[in-house]
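Chemist: The following file, data-v8.tsv, comprises TSV, C-alpha atoms and all ligand atoms:
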```tsv
chain	number	residue	atom	x	y	z
A	1	MET	CA	19.58	14.92	14.28
A	2	VAL	CA	16.71	14.99	11.75
A	3	ASN	CA	13.48	16.70	12.87
A	4	PHE	CA	11.13	13.95	11.61
A	5	LYS	CA	7.94	15.97	12.10
A	6	LYS	CA	9.31	18.80	9.94
A	7	ALA	CA	10.60	16.25	7.42
A	8	ARG	CA	7.06	14.83	7.11
A	9	GLU	CA	5.56	18.28	6.58
A	10	ARG	CA	8.16	19.03	3.92
A	11	MET	CA	7.51	15.65	2.26
A	12	VAL	CA	3.77	16.38	2.01
A	13	GLU	CA	4.35	19.87	0.65
A	14	THR	CA	7.12	19.20	-1.87
A	15	GLN	CA	6.49	15.59	-2.97
A	16	ILE	CA	2.76	15.06	-2.53
A	17	ALA	CA	0.78	18.33	-2.78
A	18	ALA	CA	3.19	19.78	-5.36
A	19	ARG	CA	2.54	16.78	-7.64
A	20	GLY	CA	-1.22	17.16	-7.74
A	21	ILE	CA	-2.49	15.01	-4.86
A	22	HIS	CA	-5.26	17.01	-3.21
A	23	ASP	CA	-6.97	14.72	-0.67
A	24	GLU	CA	-6.58	16.49	2.69
A	25	GLY	CA	-7.10	13.17	4.51
A	26	VAL	CA	-4.09	11.70	2.71
A	27	PHE	CA	-2.00	14.76	3.66
A	28	GLU	CA	-3.02	14.43	7.30
A	29	ALA	CA	-2.26	10.71	7.43
A	30	MET	CA	1.16	11.26	5.85
A	31	ARG	CA	1.93	14.10	8.26
A	32	LYS	CA	1.02	11.83	11.15
A	33	VAL	CA	2.45	8.35	10.43
A	34	PRO	CA	6.13	8.10	11.49
A	35	ARG	CA	7.51	6.58	8.29
A	36	HIS	CA	11.06	6.48	9.72
A	37	LEU	CA	9.96	3.78	12.19
A	38	PHE	CA	9.08	1.45	9.29
A	39	VAL	CA	12.65	1.38	7.88
A	40	ASP	CA	15.97	0.11	9.23
A	41	GLU	CA	17.60	2.39	11.75
A	42	ALA	CA	20.50	3.05	9.37
A	43	LEU	CA	18.05	4.43	6.75
A	44	ARG	CA	15.93	6.60	9.04
A	45	ASP	CA	17.40	9.89	7.87
A	46	GLN	CA	16.30	8.97	4.30
A	47	ALA	CA	12.78	7.91	5.29
A	48	TYR	CA	11.16	11.11	3.96
A	49	SER	CA	13.18	11.28	0.73
A	50	ASP	CA	11.54	11.15	-2.68
A	51	HIS	CA	12.30	7.49	-3.47
A	52	PRO	CA	11.59	3.92	-2.34
A	53	LEU	CA	13.91	2.34	0.24
A	54	PRO	CA	15.05	-1.25	0.73
A	55	ILE	CA	13.51	-3.38	3.47
A	56	ALA	CA	14.27	-7.04	4.35
A	57	GLU	CA	13.79	-9.95	1.88
A	58	LYS	CA	14.96	-7.74	-1.04
A	59	GLN	CA	11.64	-5.85	-0.93
A	60	THR	CA	10.94	-2.12	-0.74
A	61	ILE	CA	8.88	0.50	1.07
A	62	SER	CA	7.30	2.47	-1.79
A	63	GLN	CA	8.10	6.09	-2.65
A	64	PRO	CA	5.90	8.44	-0.57
A	65	TYR	CA	4.26	9.92	-3.69
A	66	ILE	CA	3.18	6.47	-4.91
A	67	VAL	CA	1.71	5.66	-1.49
A	68	ALA	CA	-0.24	8.95	-1.67
A	69	LEU	CA	-1.41	8.37	-5.27
A	70	MET	CA	-2.63	4.83	-4.60
A	71	THR	CA	-4.33	5.83	-1.35
A	72	GLU	CA	-6.07	8.85	-2.89
A	73	SER	CA	-7.34	6.70	-5.76
A	74	LEU	CA	-9.35	4.57	-3.29
A	75	GLU	CA	-11.37	7.68	-2.25
A	76	LEU	CA	-11.71	6.53	1.36
A	77	ASN	CA	-14.15	8.25	3.71
A	78	GLY	CA	-13.55	6.31	6.93
A	79	ALA	CA	-16.21	3.61	6.65
A	80	GLU	CA	-14.43	1.18	4.34
A	81	LYS	CA	-13.06	-2.31	4.68
A	82	VAL	CA	-9.79	-2.34	2.75
A	83	LEU	CA	-7.54	-5.18	1.60
A	84	GLU	CA	-3.83	-4.60	1.02
A	85	ILE	CA	-1.73	-7.15	-0.87
A	86	GLY	CA	1.95	-6.85	0.12
A	87	THR	CA	2.29	-5.59	3.71
A	88	GLY	CA	6.06	-5.09	3.33
A	89	SER	CA	7.14	-2.61	6.01
A	90	GLY	CA	3.56	-1.93	7.18
A	91	TYR	CA	3.74	1.80	6.30
A	92	GLN	CA	0.99	1.72	3.67
A	93	SER	CA	-1.20	-0.31	6.07
A	94	ALA	CA	-0.85	2.45	8.68
A	95	ILE	CA	-1.80	5.15	6.15
A	96	LEU	CA	-4.88	3.13	5.13
A	97	ALA	CA	-5.81	2.54	8.77
A	98	GLU	CA	-5.89	6.31	9.31
A	99	LEU	CA	-8.45	6.69	6.52
A	100	ALA	CA	-10.59	3.54	6.53
A	101	ASP	CA	-12.51	1.54	9.11
A	102	ARG	CA	-10.63	-1.77	8.84
A	103	VAL	CA	-7.51	-2.91	7.00
A	104	PHE	CA	-6.70	-6.52	6.09
A	105	SER	CA	-3.11	-6.89	4.88
A	106	ILE	CA	-1.39	-9.99	3.44
A	107	GLU	CA	2.36	-10.54	3.08
A	108	ARG	CA	4.03	-13.64	1.63
A	109	HIS	CA	7.26	-13.31	3.69
A	110	PRO	CA	6.56	-14.31	7.31
A	111	ASP	CA	9.41	-12.21	8.77
A	112	LEU	CA	8.15	-9.03	7.02
A	113	ALA	CA	4.61	-9.71	8.25
A	114	TYR	CA	5.92	-10.26	11.78
A	115	ARG	CA	7.98	-7.05	11.81
A	116	ALA	CA	5.21	-4.97	10.29
A	117	ASN	CA	2.68	-6.34	12.75
A	118	SER	CA	4.93	-5.61	15.68
A	119	ILE	CA	5.53	-1.94	14.72
A	120	LEU	CA	1.82	-1.44	13.94
A	121	ARG	CA	0.93	-2.80	17.41
A	122	LYS	CA	3.54	-0.57	19.06
A	123	LEU	CA	2.00	2.43	17.31
A	124	GLY	CA	-1.40	1.41	18.67
A	125	TYR	CA	-3.24	0.45	15.46
A	126	GLN	CA	-6.16	-1.80	16.35
A	127	ASN	CA	-7.94	-1.79	13.01
A	128	ILE	CA	-5.27	-3.66	11.01
A	129	ILE	CA	-5.00	-7.45	10.67
A	130	VAL	CA	-1.81	-8.80	9.07
A	131	ARG	CA	-1.73	-12.33	7.70
A	132	VAL	CA	0.93	-14.43	5.94
A	133	GLY	CA	-0.08	-15.92	2.60
A	134	ASP	CA	-0.48	-15.53	-1.15
A	135	GLY	CA	-2.38	-12.28	-1.53
A	136	SER	CA	-2.99	-12.90	-5.24
A	137	LEU	CA	-5.81	-15.13	-3.99
A	138	GLY	CA	-7.27	-12.26	-1.98
A	139	TRP	CA	-8.79	-12.83	1.45
A	140	PRO	CA	-12.02	-14.76	0.68
A	141	ASP	CA	-13.08	-15.22	4.33
A	142	ASP	CA	-13.56	-11.47	4.84
A	143	ALA	CA	-14.59	-10.44	1.31
A	144	PRO	CA	-16.06	-8.32	-0.17
A	145	PHE	CA	-13.87	-5.23	0.24
A	146	ASP	CA	-14.64	-1.60	-0.55
A	147	GLY	CA	-11.03	-0.99	-1.54
A	148	ILE	CA	-8.17	-3.27	-2.60
A	149	ILE	CA	-4.60	-2.07	-3.04
A	150	VAL	CA	-1.90	-4.25	-4.57
A	151	THR	CA	1.59	-3.01	-3.77
A	152	ALA	CA	3.45	-5.39	-6.11
A	153	GLY	CA	3.47	-5.63	-9.92
A	154	THR	CA	1.52	-8.37	-11.70
A	155	PRO	CA	1.30	-9.53	-15.35
A	156	LYS	CA	-2.52	-9.47	-15.19
A	157	ILE	CA	-5.14	-8.42	-12.65
A	158	PRO	CA	-5.78	-11.41	-10.36
A	159	GLN	CA	-9.41	-12.48	-10.95
A	160	PRO	CA	-10.01	-13.31	-7.24
A	161	LEU	CA	-9.35	-9.64	-6.40
A	162	ILE	CA	-11.96	-8.44	-8.88
A	163	ASP	CA	-14.39	-11.04	-7.51
A	164	GLN	CA	-13.76	-9.85	-3.93
A	165	LEU	CA	-14.51	-6.20	-4.72
A	166	ASN	CA	-17.76	-4.77	-3.41
A	167	MET	CA	-20.20	-3.15	-5.82
A	168	GLY	CA	-18.94	0.45	-6.12
A	169	GLY	CA	-15.54	-0.69	-4.80
A	170	ARG	CA	-12.12	0.33	-6.09
A	171	LEU	CA	-9.01	-1.74	-6.79
A	172	VAL	CA	-5.62	-0.22	-7.57
A	173	VAL	CA	-2.97	-2.50	-9.03
A	174	PRO	CA	0.31	-2.18	-10.99
A	175	VAL	CA	-0.01	-4.28	-14.18
A	176	GLY	CA	2.81	-4.92	-16.64
A	177	ASP	CA	6.07	-6.84	-16.98
A	178	ARG	CA	8.65	-7.58	-14.28
A	179	PHE	CA	10.42	-4.24	-14.78
A	180	GLY	CA	7.68	-1.66	-15.29
A	181	GLN	CA	3.93	-1.45	-14.95
A	182	ASP	CA	0.92	0.82	-15.41
A	183	LEU	CA	-0.99	1.67	-12.27
A	184	ILE	CA	-4.55	0.58	-13.04
A	185	LEU	CA	-7.59	1.74	-11.11
A	186	VAL	CA	-10.50	-0.70	-11.44
A	187	ARG	CA	-14.00	0.33	-10.40
A	188	ARG	CA	-16.74	-2.23	-10.00
A	189	LEU	CA	-19.95	-0.62	-11.18
A	190	ALA	CA	-23.45	-2.00	-11.76
A	191	GLU	CA	-22.82	-1.81	-15.53
A	192	GLY	CA	-19.48	-3.65	-15.28
A	193	ILE	CA	-15.79	-3.04	-14.64
A	194	LYS	CA	-14.26	0.34	-15.49
A	195	LYS	CA	-10.48	0.70	-15.76
A	196	THR	CA	-8.38	3.89	-15.64
A	197	ASN	CA	-4.63	4.08	-16.21
A	198	LEU	CA	-3.02	6.30	-13.56
A	199	GLY	CA	0.44	6.20	-15.17
A	200	GLY	CA	3.74	4.33	-15.20
A	201	VAL	CA	5.24	2.81	-12.03
A	202	ARG	CA	7.90	0.32	-11.05
A	203	PHE	CA	7.10	-2.22	-8.35
A	204	VAL	CA	8.66	-5.43	-7.08
A	205	ASN	CA	6.92	-8.57	-8.36
A	206	LEU	CA	3.68	-10.01	-7.08
A	207	VAL	CA	4.70	-13.65	-6.61
A	208	GLY	CA	1.84	-16.09	-6.35
A	209	LYS	CA	-0.79	-18.15	-8.12
A	210	TRP	CA	-2.28	-15.16	-9.96
A	211	GLY	CA	0.98	-13.18	-10.22
A	212	TRP	CA	4.49	-14.18	-11.27
A	213	LYS	CA	5.96	-17.61	-10.67
A	214	GLU	CA	8.87	-17.54	-8.22
B	1	LIG	N1	3.05	-1.74	1.07
B	1	LIG	C1	4.42	-1.93	1.44
B	1	LIG	C2	4.94	-0.89	2.37
B	1	LIG	O1	4.24	0.07	2.69
B	1	LIG	O2	6.08	-1.06	2.84
B	1	LIG	C3	5.33	-2.03	0.24
B	1	LIG	C4	5.35	-3.41	-0.23
B	1	LIG	S1	6.59	-3.95	-1.31
B	1	LIG	C5	6.66	-2.76	-2.60
B	1	LIG	C6	5.68	-5.31	-2.01
B	1	LIG	C7	5.42	-6.43	-1.03
B	1	LIG	O3	4.58	-7.39	-1.65
B	1	LIG	C8	6.68	-7.18	-0.61
B	1	LIG	O4	6.81	-7.15	0.76
B	1	LIG	C9	6.44	-8.59	-1.12
B	1	LIG	O5	7.01	-9.59	-0.32
B	1	LIG	C10	4.93	-8.65	-1.15
B	1	LIG	N2	4.35	-9.67	-2.02
B	1	LIG	C11	4.73	-10.04	-3.26
B	1	LIG	N3	3.91	-11.01	-3.72
B	1	LIG	C12	2.98	-11.24	-2.76
B	1	LIG	C13	1.85	-12.10	-2.65
B	1	LIG	N4	1.48	-12.93	-3.61
B	1	LIG	N5	1.13	-12.05	-1.51
B	1	LIG	C14	1.46	-11.21	-0.50
B	1	LIG	N6	2.52	-10.39	-0.54
B	1	LIG	C15	3.26	-10.39	-1.67
```
Hey, can you dump this file as structure tokens for me?
Ligand code: SAM
Modeler:
Amino acid sequence: MVNFKKARERMVETQIAARGIHDEGVFEAMRKVPRHLFVDEALRDQAYSDHPLPIAEKQTISQPYIVALMTESLELNGAEKVLEIGTGSGYQSAILAELADRVFSIERHPDLAYRANSILRKLGYQNIIVRVGDGSLGWPDDAPFDGIIVTAGTPKIPQPLIDQLNMGGRLVVPVGDRFGQDLILVRRLAEGIKKTNLGGVRFVNLVGKWGWKE
């Protein structure tokens, strides 16, 4: 029987801190959120391993290190309104909910959104709203956002997401072809948009109006 609490501590130490993530809030959130509950029962003993895992609809729950890197890049302090594109399992939403004020998450597959919402409710999260739809269009009704995280790869940064970013806000998005992308951090500053490349990643496709066609 795996000791999940110990597995989480080991994950933070060996996969996250050891690779240069230093945000103590991110460590705490990753020590707390029970990642094994976001994957199929048959995969629970692999939930804290150093790789992504399959979820329904041929999608994935991202590698823990990538979750940490993307979360840290948003520099959350607890007051933010954050938009996540690609709810998937709901794990990243839970991590964001530990560190921000409110999380809005969009998933295009209704059954994934339903499952994620149900586990997030069971865990008691009250600051996350999950919706079904094309997240490449953003979430105009509740914009602007202080942070936007796109957990699927896109050929170009969807313009609606840039438009829905608050002044001083941060957007992190994998941009590239269908098989590999660069993780781009976009900051919206008074003088314009500033982009930083955080390195190579490999995500499933963002499918939607401003992403890939189906
Ligand atoms: N954040 C997720 C987690 O913690 O499990 C990982 C998500 S998975 C790598 C990417 C997700 O993006 C998939 O569930 C996929 O269905 C979803 N997706 C792809 N295109 C989308 C779109 N246009 N709008 C919303 N969700 C989308």
Chemist: Near Ile184 (chain A), within 12 Å and counting all atoms listed in the file, which residues show up once chain neighbours fewer than 4 positions away are dropped, as a PyMOL selection string?
Modeler: chain A and resi 69-70+73-74+148-151+153-157+170-176+193-201
Chemist: Restricting the output to C-alpha atoms, write the selected residues as a CSV table (one decimal), in the frame of the given file.
Modeler:
```
chain,number,residue,atom,x,y,z
A,69,LEU,CA,-1.4,8.4,-5.3
A,70,MET,CA,-2.6,4.8,-4.6
A,73,SER,CA,-7.3,6.7,-5.8
A,74,LEU,CA,-9.4,4.6,-3.3
A,148,ILE,CA,-8.2,-3.3,-2.6
A,149,ILE,CA,-4.6,-2.1,-3.0
A,150,VAL,CA,-1.9,-4.2,-4.6
A,151,THR,CA,1.6,-3.0,-3.8
A,153,GLY,CA,3.5,-5.6,-9.9
A,154,THR,CA,1.5,-8.4,-11.7
A,155,PRO,CA,1.3,-9.5,-15.4
A,156,LYS,CA,-2.5,-9.5,-15.2
A,157,ILE,CA,-5.1,-8.4,-12.6
A,170,ARG,CA,-12.1,0.3,-6.1
A,171,LEU,CA,-9.0,-1.7,-6.8
A,172,VAL,CA,-5.6,-0.2,-7.6
A,173,VAL,CA,-3.0,-2.5,-9.0
A,174,PRO,CA,0.3,-2.2,-11.0
A,175,VAL,CA,0.0,-4.3,-14.2
A,176,GLY,CA,2.8,-4.9,-16.6
A,193,ILE,CA,-15.8,-3.0,-14.6
A,194,LYS,CA,-14.3,0.3,-15.5
A,195,LYS,CA,-10.5,0.7,-15.8
A,196,THR,CA,-8.4,3.9,-15.6
A,197,ASN,CA,-4.6,4.1,-16.2
A,198,LEU,CA,-3.0,6.3,-13.6
A,199,GLY,CA,0.4,6.2,-15.2
A,200,GLY,CA,3.7,4.3,-15.2
A,201,VAL,CA,5.2,2.8,-12.0
```
Chemist: What residues have an atom no more than 9 Å from (7.9, 5.0, -3.4) in the file's own frame, counting all atoms listed in the file, and can you write them as a list in words?
Modeler: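 Returned residue set, sorted by chain then number, is Asp50, His51, Pro52, Leu53, Thr60, Ile61, Ser62, Gln63, Pro64, Tyr65, Ile66, Val67, Arg202 and Phe203 of chain A.
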Chemist: So that each row is one residue of chain A with an atom at most 7 Å from ligand LIG 1 (chain B), can you give its shortest atom pair and the distance in Å to one decimal, using only C-alpha atoms and all ligand atoms, rows by chain and rising number, as a Markdown table?
Modeler:
```
| residue | atom | partner | partner_atom | distance |
| --- | --- | --- | --- | --- |
| A:Gln59 | CA | B:LIG1 | C8 | 5.1 |
| A:Thr60 | CA | B:LIG1 | C5 | 4.7 |
| A:Ile61 | CA | B:LIG1 | O2 | 3.7 |
| A:Ser62 | CA | B:LIG1 | C3 | 5.3 |
| A:Ile85 | CA | B:LIG1 | C14 | 5.2 |
| A:Gly86 | CA | B:LIG1 | O3 | 3.2 |
| A:Thr87 | CA | B:LIG1 | N1 | 4.7 |
| A:Gly88 | CA | B:LIG1 | O4 | 3.4 |
| A:Ser89 | CA | B:LIG1 | O2 | 3.7 |
| A:Gly90 | CA | B:LIG1 | O1 | 5.0 |
| A:Tyr91 | CA | B:LIG1 | O1 | 4.0 |
| A:Gln92 | CA | B:LIG1 | O1 | 3.8 |
| A:Ser93 | CA | B:LIG1 | O1 | 6.4 |
| A:Ile106 | CA | B:LIG1 | C14 | 5.0 |
| A:Glu107 | CA | B:LIG1 | N6 | 3.6 |
| A:Arg108 | CA | B:LIG1 | C14 | 4.1 |
| A:His109 | CA | B:LIG1 | O5 | 5.5 |
| A:Leu112 | CA | B:LIG1 | O4 | 6.7 |
| A:Gly133 | CA | B:LIG1 | N5 | 5.8 |
| A:Asp134 | CA | B:LIG1 | N5 | 3.9 |
| A:Gly135 | CA | B:LIG1 | N5 | 3.5 |
| A:Ser136 | CA | B:LIG1 | N4 | 4.8 |
| A:Thr151 | CA | B:LIG1 | C6 | 5.0 |
| A:Ala152 | CA | B:LIG1 | C6 | 4.7 |
| A:Phe203 | CA | B:LIG1 | C5 | 5.8 |
| A:Val204 | CA | B:LIG1 | C5 | 5.6 |
| A:Asn205 | CA | B:LIG1 | C11 | 5.7 |
| A:Leu206 | CA | B:LIG1 | N3 | 3.5 |
| A:Val207 | CA | B:LIG1 | N3 | 4.0 |
| A:Gly208 | CA | B:LIG1 | N4 | 4.2 |
| A:Gly211 | CA | B:LIG1 | N4 | 6.6 |
```
Chemist: Need the shell around Ala18 (chain A): protein/DNA/RNA residues with any atom at most 12 Å away, counting all atoms listed in the file. Skip same-chain ones fewer than 4 positions apart. Format as a PyMOL selection string?
Modeler: chain A and resi 10-14+22+27+65+68
Chemist: With C-alpha atoms retained, export the selected residues as a compact mmCIF listing (two decimals), in the coordinates of the input.
Modeler:
```
# COMPACT_ATOMS: atom_id res chain seq x y z
CA ARG A 10 8.16 19.03 3.92
CA MET A 11 7.51 15.65 2.26
CA VAL A 12 3.77 16.38 2.01
CA GLU A 13 4.35 19.87 0.65
CA THR A 14 7.12 19.20 -1.87
CA HIS A 22 -5.26 17.01 -3.21
CA PHE A 27 -2.00 14.76 3.66
CA TYR A 65 4.26 9.92 -3.69
CA ALA A 68 -0.24 8.95 -1.67
```
Chemist: Find the residues of region 158-186 of chain A that sit at most 10 Å from region 140-144 of chain A; for each, write down the nearest two atoms and how far apart they are in Å, to one decimal. Count all atoms listed in the file. Sort by chain, then by number going up, and give it as JSON lines.
Modeler:
```
{"residue": "A:Pro160", "atom": "CA", "partner": "A:Pro140", "partner_atom": "CA", "distance": 8.3}
{"residue": "A:Leu161", "atom": "CA", "partner": "A:Pro140", "partner_atom": "CA", "distance": 9.1}
{"residue": "A:Ile162", "atom": "CA", "partner": "A:Pro144", "partner_atom": "CA", "distance": 9.6}
{"residue": "A:Asp163", "atom": "CA", "partner": "A:Pro144", "partner_atom": "CA", "distance": 8.0}
{"residue": "A:Gln164", "atom": "CA", "partner": "A:Pro144", "partner_atom": "CA", "distance": 4.7}
{"residue": "A:Leu165", "atom": "CA", "partner": "A:Pro144", "partner_atom": "CA", "distance": 5.3}
{"residue": "A:Asn166", "atom": "CA", "partner": "A:Pro144", "partner_atom": "CA", "distance": 5.1}
{"residue": "A:Met167", "atom": "CA", "partner": "A:Pro144", "partner_atom": "CA", "distance": 8.7}
{"residue": "A:Gly169", "atom": "CA", "partner": "A:Pro144", "partner_atom": "CA", "distance": 8.9}
```
